[in-house]
Amino acid sequence: MAKVSVRFFARYAELAGCSSSAINLETPATVADVIDRVREVFPGTQAMPPRPLAALNQRHVKLDATVNEGDEVALLPPLSGG
Amino acid sequence: MHLTRHRIEIADLLAEVQSPARGGTCVFLGTVRTDADITAIDYSAYEAMADEEIERILAEAHERWPEARLTLQHRLGLIPAGEASIAIAAAAPHREQAFAACRYVIEAVKERVPVWKKEIHADGASTWVESLS
């Protein structure tokens, strides 16, 4: 099992009802597995797109990236900076 | 730190990049537009990652245009229409490098930096912006 922290931003924080949490999941696991678990724990996040943008430890990653104990996964709504 | 909650002062950015050896300076300024009934935009960010990502973008630009000196500020919080949300200054020995570096940085920011806009309407309602603008 690995404990991973999860962060939600902007509209996704509204959907989740919180801005951060932690989840436990069986290893080996990917960012996609984290997202599946998030959809179960925070039903509001089922309104996120099937493949949301994600960051792992503050870097953009694809959803097949491997997560490890202590990692931070951030779920990012479509970016609109500038 | 490239994120600020205060008004952006362009003179401060210029002071960081200009020198007698750099004959061309290019400034990009993005300001909040008065589209429809929008009175302000509330900007939020994944601040730690946004700052890191901006650093990575500036480092890439520096690698591509080694003679250019670049700086960037992105403002967060409630920004009234007409005020700047982002400013980039690029100075280089010649204008081609300054324009190219400045353009590279703003396009990369739009694509990669985790910042979000919530539009505030005249009636007090608000909506998240979820398309490129």
# chains A, B, ... in the order shown; residues from 1 in each chain; ligands from 1
call {"tool": "interface_residues", "arguments": {"of": "chain B", "to": "chain A", "cutoff": "7 Å", "atoms": "only C-alpha atoms", "output": "list in words"}}
result
Gly30, Met49, Ser85, Ile86, Val109, Lys110, Val113, Pro114, Val115, Trp116, Lys117, Trp128, Val129, Glu130, Ser131 and Leu132 of chain B
call {"tool": "write_last_selection", "arguments": {"atoms": "N, CA and C atoms", "output": "short mmCIF file (atom, residue, chain, number, x, y, z; two decimals), in the first residue's frame"}}
result
data_model
loop_
_atom_site.label_atom_id
_atom_site.label_comp_id
_atom_site.auth_asym_id
_atom_site.auth_seq_id
_atom_site.Cartn_x
_atom_site.Cartn_y
_atom_site.Cartn_z
N GLY B 30 -0.24 41.42 -20.35
CA GLY B 30 -1.59 40.89 -20.51
C GLY B 30 -2.48 41.59 -19.51
N MET B 49 3.92 25.04 -7.74
CA MET B 49 4.22 24.50 -9.07
C MET B 49 4.30 25.61 -10.11
N SER B 85 -2.42 41.40 -15.61
CA SER B 85 -2.32 40.14 -14.87
C SER B 85 -0.95 39.50 -15.07
N ILE B 86 -0.29 39.83 -16.18
CA ILE B 86 1.04 39.26 -16.43
C ILE B 86 1.90 40.27 -17.18
N VAL B 109 3.75 29.89 -21.00
CA VAL B 109 2.98 30.17 -19.77
C VAL B 109 1.53 29.76 -19.97
N LYS B 110 0.95 30.16 -21.11
CA LYS B 110 -0.46 29.84 -21.39
C LYS B 110 -0.68 28.33 -21.39
N VAL B 113 1.55 26.76 -17.21
CA VAL B 113 1.58 27.23 -15.83
C VAL B 113 0.19 27.06 -15.18
N PRO B 114 0.14 26.37 -14.01
CA PRO B 114 -1.15 26.09 -13.38
C PRO B 114 -1.76 27.31 -12.69
N VAL B 115 -2.47 28.09 -13.50
CA VAL B 115 -3.18 29.29 -13.03
C VAL B 115 -4.58 29.21 -13.61
N TRP B 116 -5.56 29.68 -12.81
CA TRP B 116 -6.96 29.63 -13.27
C TRP B 116 -7.63 30.97 -13.07
N LYS B 117 -8.60 31.23 -14.00
CA LYS B 117 -9.34 32.49 -13.96
C LYS B 117 -10.79 32.23 -13.59
N TRP B 128 -15.97 30.03 -13.90
CA TRP B 128 -14.60 29.59 -14.20
C TRP B 128 -14.38 29.66 -15.70
N VAL B 129 -13.18 30.07 -16.10
CA VAL B 129 -12.81 30.07 -17.51
C VAL B 129 -12.12 28.74 -17.79
N GLU B 130 -12.67 27.96 -18.73
CA GLU B 130 -12.05 26.66 -18.99
C GLU B 130 -11.70 26.45 -20.45
N SER B 131 -11.47 27.55 -21.15
CA SER B 131 -10.95 27.43 -22.51
C SER B 131 -9.83 28.44 -22.66
N LEU B 132 -8.96 28.20 -23.62
CA LEU B 132 -7.83 29.11 -23.82
C LEU B 132 -8.34 30.47 -24.25
#
call {"tool": "select_by_dssp", "arguments": {"residues": "range 36-74 of chain A", "states": "strand (DSSP E or B)", "output": "list in words"}}
result
Leu53, Ala54, Ala55, Leu56, Arg59, His60, Val61, Thr66, Val67, Glu72, Val73 and Ala74 of chain A
call {"tool": "write_last_selection", "arguments": {"atoms": "C-alpha atoms", "output": "tab-separated table (two decimals), in the first residue's frame"}}
result
chain	number	residue	atom	x	y	z
A	53	LEU	CA	-4.60	17.19	-16.50
A	54	ALA	CA	-2.41	15.98	-13.66
A	55	ALA	CA	0.85	16.89	-11.98
A	56	LEU	CA	3.06	14.59	-9.94
A	59	ARG	CA	5.53	18.45	-12.72
A	60	HIS	CA	3.07	17.78	-15.53
A	61	VAL	CA	2.77	14.04	-16.15
A	66	THR	CA	3.94	5.64	-11.54
A	67	VAL	CA	3.13	6.95	-8.07
A	72	GLU	CA	1.73	14.38	-4.34
A	73	VAL	CA	-0.76	14.18	-7.21
A	74	ALA	CA	-2.48	17.41	-8.27
call {"tool": "residues_around", "arguments": {"residues": "Asp51 in chain B", "least_positions_apart": "3", "cutoff": "9 Å", "atoms": "only C-alpha atoms", "output": "list in words"}}
result
Met1, His2, Leu3, Tyr46, Glu47, Ala48, Ile54, Glu55, Arg56 and Val113 of chain B
call {"tool": "residues_around", "arguments": {"residues": "range 34-45 of chain A", "least_positions_apart": "5", "cutoff": "8 Å", "atoms": "only C-alpha atoms", "output": "list in words"}}
result
Tyr12, Leu15, Ala16, Gly17, Ile23, Leu25, Ala29 and Val73 of chain A
